[in-house]
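Enquirer: Please find model-v9.txt (compact mmCIF, C-alpha atoms) on the next line:
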# COMPACT_ATOMS: atom_id res chain seq x y z
CA MET M 56 7.43 11.30 -7.59
CA LYS M 57 10.71 11.48 -9.48
CA ARG M 58 11.07 10.21 -13.01
CA ALA M 59 13.86 7.76 -13.65
CA GLU M 60 17.13 9.63 -13.60
CA ARG M 61 20.76 8.67 -13.68
CA GLY M 62 21.48 7.58 -10.12
CA ASN M 63 17.85 6.83 -9.26
CA ARG M 64 18.03 3.56 -7.38
CA GLY M 65 14.43 2.52 -7.95
CA ALA M 66 11.28 1.86 -5.99
CA LEU M 67 9.76 -0.95 -3.99
CA ALA M 68 6.01 -1.04 -4.63
CA LEU M 69 3.71 -2.27 -1.87
CA VAL M 70 0.96 -4.11 -3.74
CA SER M 71 -2.22 -5.55 -2.27
CA GLY M 72 -3.66 -6.47 -5.65
CA GLY M 73 -6.36 -3.82 -5.25
CA LEU M 74 -7.10 -0.83 -7.45
CA ASP M 75 -5.04 1.84 -5.68
CA SER M 76 -1.82 -0.13 -5.31
CA THR M 77 -2.14 -1.57 -8.83
CA VAL M 78 -2.42 1.88 -10.39
CA SER M 79 0.39 3.19 -8.18
CA LEU M 80 2.61 0.31 -9.37
CA ALA M 81 1.67 0.98 -13.01
CA LEU M 82 2.54 4.67 -12.59
CA ALA M 83 5.90 3.75 -11.07
CA VAL M 84 6.55 1.42 -14.01
CA GLU M 85 5.54 4.15 -16.47
CA ARG M 86 7.96 6.54 -14.77
CA GLY M 87 10.74 3.97 -14.95
CA ILE M 88 11.34 3.64 -11.22
CA ALA M 89 9.65 0.35 -10.24
CA ALA M 90 12.24 -2.21 -9.13
CA ALA M 91 10.30 -4.79 -7.09
CA VAL M 92 6.90 -5.72 -5.66
CA LEU M 93 6.24 -6.44 -1.98
CA PHE M 94 3.11 -8.11 -0.56
CA PHE M 95 2.15 -8.53 3.11
CA ASP M 96 0.15 -11.44 4.48
CA TYR M 97 -1.17 -10.36 7.88
CA GLY M 98 -3.96 -12.93 8.03
CA GLN M 99 -6.41 -10.91 5.95
CA LYS M 100 -9.51 -12.78 4.79
CA ALA M 101 -8.86 -11.88 1.14
CA ARG M 102 -5.17 -12.87 1.22
CA ARG M 103 -5.40 -15.69 -1.35
CA ALA M 104 -7.03 -13.49 -3.99
CA GLU M 105 -4.81 -10.51 -3.08
CA LEU M 106 -1.63 -12.59 -3.18
CA SER M 107 -2.57 -14.08 -6.54
CA ALA M 108 -3.26 -10.63 -7.98
CA ALA M 109 -0.01 -9.20 -6.58
CA ARG M 110 2.02 -12.09 -8.02
CA ARG M 111 0.36 -11.63 -11.44
CA LEU M 112 1.16 -7.92 -11.39
CA ALA M 113 4.81 -8.56 -10.56
CA ALA M 114 4.99 -11.15 -13.37
CA HIS M 115 3.20 -8.82 -15.80
CA TYR M 116 5.81 -6.12 -15.21
CA ALA M 117 8.69 -8.65 -14.92
CA LEU M 118 9.55 -7.41 -11.43
CA PRO M 119 10.91 -9.44 -8.52
CA PHE M 120 8.22 -10.38 -6.00
CA GLU M 121 8.61 -10.72 -2.25
CA LEU M 122 6.14 -11.84 0.40
CA ILE M 123 6.40 -10.90 4.07
CA ASP M 124 4.31 -12.81 6.60
CA LEU M 125 3.00 -10.86 9.59
CA PRO M 126 0.71 -13.48 11.19
CA TRP M 127 0.94 -11.87 14.61
CA LEU M 128 -0.71 -8.69 13.29
CA GLY M 129 -3.83 -10.58 12.30
CA ARG M 130 -3.88 -12.47 15.59
CA LEU M 131 -3.78 -9.20 17.54
CA SER M 132 -6.59 -7.60 15.58
CA ALA M 133 -10.35 -7.99 15.93
CA SER M 134 -10.80 -6.26 12.57
CA ALA M 135 -13.34 -7.60 10.13
CA LEU M 136 -10.51 -7.80 7.59
CA VAL M 137 -8.66 -10.62 9.34
CA GLU M 138 -9.41 -14.31 9.85
CA GLY M 139 -11.09 -14.74 13.21
CA GLY M 140 -12.17 -11.09 13.28
CA ALA M 141 -15.65 -9.64 13.20
CA PRO M 142 -17.91 -10.26 10.20
CA LEU M 143 -17.37 -7.90 7.28
CA PRO M 144 -19.77 -4.95 7.35
CA HIS M 145 -21.98 -4.33 4.33
CA PRO M 146 -22.59 -0.56 4.36
CA ALA M 147 -24.50 1.30 1.68
CA ALA M 148 -22.23 2.76 -1.02
CA PRO M 149 -22.34 6.34 0.35
CA ASP M 150 -21.15 5.08 3.74
CA LEU M 151 -18.14 3.06 2.53
CA ASP M 152 -15.54 5.67 3.44
CA ASP M 153 -17.58 7.67 5.97
CA PRO M 154 -15.61 7.72 9.24
CA MET M 155 -18.87 8.03 11.17
CA SER M 156 -20.60 5.02 9.54
CA GLY M 157 -18.89 2.39 11.67
CA ALA M 158 -17.70 0.47 8.60
CA SER M 159 -14.27 2.09 8.72
CA ARG M 160 -13.91 1.25 12.42
CA ALA M 161 -14.90 -2.36 11.73
CA VAL M 162 -12.08 -2.85 9.19
CA TRP M 163 -9.38 -0.88 11.00
CA VAL M 164 -6.21 -2.89 11.71
CA GLU M 165 -4.18 -1.01 14.30
CA ASN M 166 -1.03 0.53 12.82
CA ARG M 167 -1.14 -1.78 9.79
CA ASN M 168 0.26 0.78 7.37
CA GLY M 169 2.90 1.91 9.87
CA ILE M 170 4.07 -1.66 10.44
CA MET M 171 4.10 -2.49 6.74
CA LEU M 172 5.95 0.69 5.80
CA ASN M 173 8.62 0.11 8.44
CA ALA M 174 9.12 -3.47 7.25
CA ALA M 175 9.21 -2.23 3.65
CA ALA M 176 11.81 0.35 4.65
CA ALA M 177 14.08 -2.42 5.91
CA VAL M 178 13.65 -4.31 2.60
CA ALA M 179 14.16 -1.20 0.46
CA ALA M 180 17.25 -0.09 2.41
CA ALA M 181 18.78 -3.58 2.17
CA ARG M 182 18.24 -3.55 -1.60
CA GLY M 183 19.60 -0.04 -2.05
CA LEU M 184 16.26 1.37 -3.23
CA GLU M 185 15.28 4.95 -2.59
CA THR M 186 11.48 4.98 -2.77
CA ILE M 187 8.59 2.96 -1.40
CA ILE M 188 5.44 3.27 -3.50
CA VAL M 189 2.02 2.98 -1.83
CA GLY M 190 -1.53 3.34 -3.09
CA PHE M 191 -3.19 5.90 -0.86
CA ASN M 192 -6.12 8.00 -2.09
CA ARG M 193 -8.00 11.15 -1.16
CA GLU M 194 -11.35 9.49 -0.34
CA GLU M 195 -10.04 6.81 2.00
CA ALA M 196 -7.84 9.31 3.82
CA ALA M 197 -11.02 10.86 5.28
CA ALA M 198 -11.89 7.61 7.08
CA PHE M 199 -8.39 6.17 7.43
CA PRO M 200 -5.89 8.85 8.49
CA ASP M 201 -3.00 6.48 7.76
CA ASN M 202 -3.84 6.88 4.05
CA GLY M 203 -3.39 10.64 3.92
CA PRO M 204 -0.74 13.29 3.37
CA ALA M 205 -0.14 13.94 7.09
CA PHE M 206 0.65 10.25 7.66
CA LEU M 207 2.90 10.16 4.59
CA ASP M 208 4.79 13.22 5.88
CA ALA M 209 5.14 11.66 9.35
CA VAL M 210 6.43 8.36 7.94
CA ASN M 211 8.96 10.19 5.79
CA ALA M 212 10.12 12.21 8.81
CA SER M 213 10.53 8.98 10.75
CA LEU M 214 12.44 7.29 7.93
CA ALA M 215 14.79 10.27 7.74
CA LEU M 216 15.81 9.35 11.29
CA GLY M 217 15.39 5.58 11.12
CA VAL M 218 17.35 4.54 8.03
CA ARG M 219 20.86 5.48 7.02
CA CYS M 220 20.05 5.93 3.32
CA ASN M 221 17.91 8.47 1.51
CA LEU M 222 14.56 6.63 1.51
CA THR M 223 11.10 8.12 1.06
CA VAL M 224 7.54 6.88 0.74
CA ALA M 225 5.51 8.22 -2.18
CA SER M 226 1.94 7.71 -3.33
CA PRO M 227 1.20 8.76 -6.90
CA THR M 228 -2.55 8.34 -6.21
CA ILE M 229 -2.77 10.25 -2.92
CA ALA M 230 -4.54 13.29 -4.41
CA MET M 231 -6.94 11.20 -6.52
CA ASP M 232 -10.41 9.89 -5.77
CA LYS M 233 -11.51 6.41 -6.87
CA GLY M 234 -12.97 7.66 -10.16
CA GLU M 235 -9.71 9.37 -11.08
CA ILE M 236 -7.75 6.26 -10.14
CA VAL M 237 -9.97 4.11 -12.36
CA CYS M 238 -9.48 6.55 -15.26
CA GLU M 239 -5.72 6.48 -14.73
CA GLY M 240 -5.80 2.67 -14.58
CA VAL M 241 -7.71 2.51 -17.87
CA ARG M 242 -5.17 4.88 -19.45
CA LEU M 243 -2.30 2.72 -18.24
Would you mind writing the structure in this file as structure tokens?
Expert:
Amino acid sequence: MKRAERGNRGALALVSGGLDSTVSLALAVERGIAAAVLFFDYGQKARRAELSAARRLAAHYALPFELIDLPWLGRLSASALVEGGAPLPHPAAPDLDDPMSGASRAVWVENRNGIMLNAAAAVAAARGLETIIVGFNREEAAAFPDNGPAFLDAVNASLALGVRCNLTVASPTIAMDKGEIVCEGVRL
């Protein structure tokens, strides 16, 4: 991810209020590129706590905050993450990110990251920003392919064709595991 440079138009950080997106936002702030925070409400069960955390983070860093409602996404999904979906699974710790455990399938929301990144691209392009910051990580990418480098590359290839400005998605935590992200969060 680029450091702030003359001509750098800044970054829109997608923030859920969770560990990965919080540390990604803090890294973008440290690098001088964070310009705004964006939160999505897609009917997730934890939305009140997540929204509160995302708002506090934006206020902490004195960044503009924007909320986008995607209620239809939650209505379409049977995921355990959304209101009206299946009950949340309670796997043993070793099975949390195991794609074969069933827990990852239970919380999958079809194309959630793709939808959010495309909406974020419209916001970032309208604001003249050049980067969208996300909080992907190495461990979750094993169970959730839309959190990994191949997905990030595909999204960036799509944005190169779908927006008229130079806009990319970056994840400063993508090569880290949870322990490394926690250590980076403590440092920040």
Enquirer: List the neighbours of region 217-225 of chain M out to 7 Å using only C-alpha atoms; skip same-chain residues closer than 5 positions along the sequence, and give me the result as a ChimeraX atom specification.
Expert: /M:56,180,185-189,207,211
Enquirer: Print the selection's residues with C-alpha atoms to a file, as a compact mmCIF listing (two decimals), in the coordinates of the input.
Expert:
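Result went into part.txt, see below:
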# COMPACT_ATOMS: atom_id res chain seq x y z
CA MET M 56 7.43 11.30 -7.59
CA ALA M 180 17.25 -0.09 2.41
CA GLU M 185 15.28 4.95 -2.59
CA THR M 186 11.48 4.98 -2.77
CA ILE M 187 8.59 2.96 -1.40
CA ILE M 188 5.44 3.27 -3.50
CA VAL M 189 2.02 2.98 -1.83
CA LEU M 207 2.90 10.16 4.59
CA ASN M 211 8.96 10.19 5.79
Enquirer: What does the distance between CA of Glu194 (chain M) and CA of Leu128 (chain M) come to in Å, to one decimal place?
Expert: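 Answer for the CA of Glu194 (chain M) to CA of Leu128 (chain M) separation: 25.1 Å.
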Enquirer: For Ser134 (chain M), list every protein, DNA or RNA residue within 10 Å, evaluated using all atoms listed in the file, and leave out those in the same chain fewer than 4 positions away; present the list as a PyMOL selection string.
Expert: chain M and resi 99+129-130+138-143+159-165
Enquirer: Identify, on the basis of all atoms listed in the file, every residue whose closest approach to Leu80 (chain M) does not exceed 7 Å; exclude the query and any residue fewer than 4 positions from it along the same chain; express the result as a VMD selection string.
Expert: chain M and resid 68 76 84
Enquirer: For Leu69 (chain M), which residue out of M:Arg242, M:His145, M:Arg193, M:Arg110 is the nearest one, using all atoms listed in the file?
Expert: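 Closest residue, counting all atoms listed in the file: M:Arg110.
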Enquirer: Quick one, how far is CA of Leu125 (chain M) from CA of Tyr97 (chain M)?
Expert: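 Taking CA of Leu125 (chain M) and CA of Tyr97 (chain M), their separation equals 4.5 Å.
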Enquirer: Box for region 221-236 of chain M: with edges along x, y and z, all listed atoms inside and 3 Å added on each side, what are the centre and edge lengths in Å to one decimal, as JSON?
Expert:
{"center_x": 2.5, "center_y": 9.8, "center_z": -4.8, "size_x": 36.9, "size_y": 13.0, "size_z": 18.6}
Enquirer: Report the distance between CA of Ala114 (chain M) and CA of Ala91 (chain M) in Å, rounded to one decimal place.
Expert: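 Those two atoms sit 10.4 Å apart.
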Enquirer: Considering all atoms listed in the file, give me a table of residues in region 115-212 of chain M that are at most 12 Å from region 101-109 of chain M, with the closest atom pair and distance in Å for each, as a Markdown table.
Expert:
| residue | atom | partner | partner_atom | distance |
| --- | --- | --- | --- | --- |
| M:His115 | CA | M:Ala109 | CA | 9.8 |
| M:Tyr116 | CA | M:Ala109 | CA | 10.9 |
| M:Leu118 | CA | M:Ala109 | CA | 10.9 |
| M:Pro119 | CA | M:Ala109 | CA | 11.1 |
| M:Phe120 | CA | M:Ala109 | CA | 8.3 |
| M:Glu121 | CA | M:Ala109 | CA | 9.8 |
| M:Leu122 | CA | M:Leu106 | CA | 8.6 |
| M:Ile123 | CA | M:Leu106 | CA | 10.9 |
| M:Asp124 | CA | M:Arg102 | CA | 10.9 |
| M:Leu125 | CA | M:Arg102 | CA | 11.9 |
| M:Pro126 | CA | M:Arg102 | CA | 11.6 |
| M:Gly129 | CA | M:Arg102 | CA | 11.4 |
| M:Ala135 | CA | M:Ala101 | CA | 10.9 |
| M:Leu136 | CA | M:Ala101 | CA | 7.8 |
| M:Val137 | CA | M:Ala101 | CA | 8.3 |
| M:Glu138 | CA | M:Ala101 | CA | 9.1 |
| M:Leu143 | CA | M:Ala101 | CA | 11.2 |
Enquirer: Give me the residues near Gly234 (chain M) as number ranges by chain, where near means some atom within 12 Å (using only C-alpha atoms) and where sequence neighbours in that chain fewer than 6 positions away do not count.
Expert: M: 74-75, 192-194, 228, 240-241
Enquirer: Looking at M:Ala158, M:Ala176, M:Leu93, M:Ala181, which one is nearest to Phe199 (chain M), with distances taken over all atoms listed in the file?
Expert: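 Ranking M:Ala158, M:Ala176, M:Leu93, M:Ala181 by distance to Phe199 (chain M), first place goes to M:Ala158.
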Enquirer: Just checking: using only C-alpha atoms, which residue out of M:Gly203, M:Gly169, M:Pro144, M:Gly98 ends up closest to Ile229 (chain M)?
Expert: M:Gly203
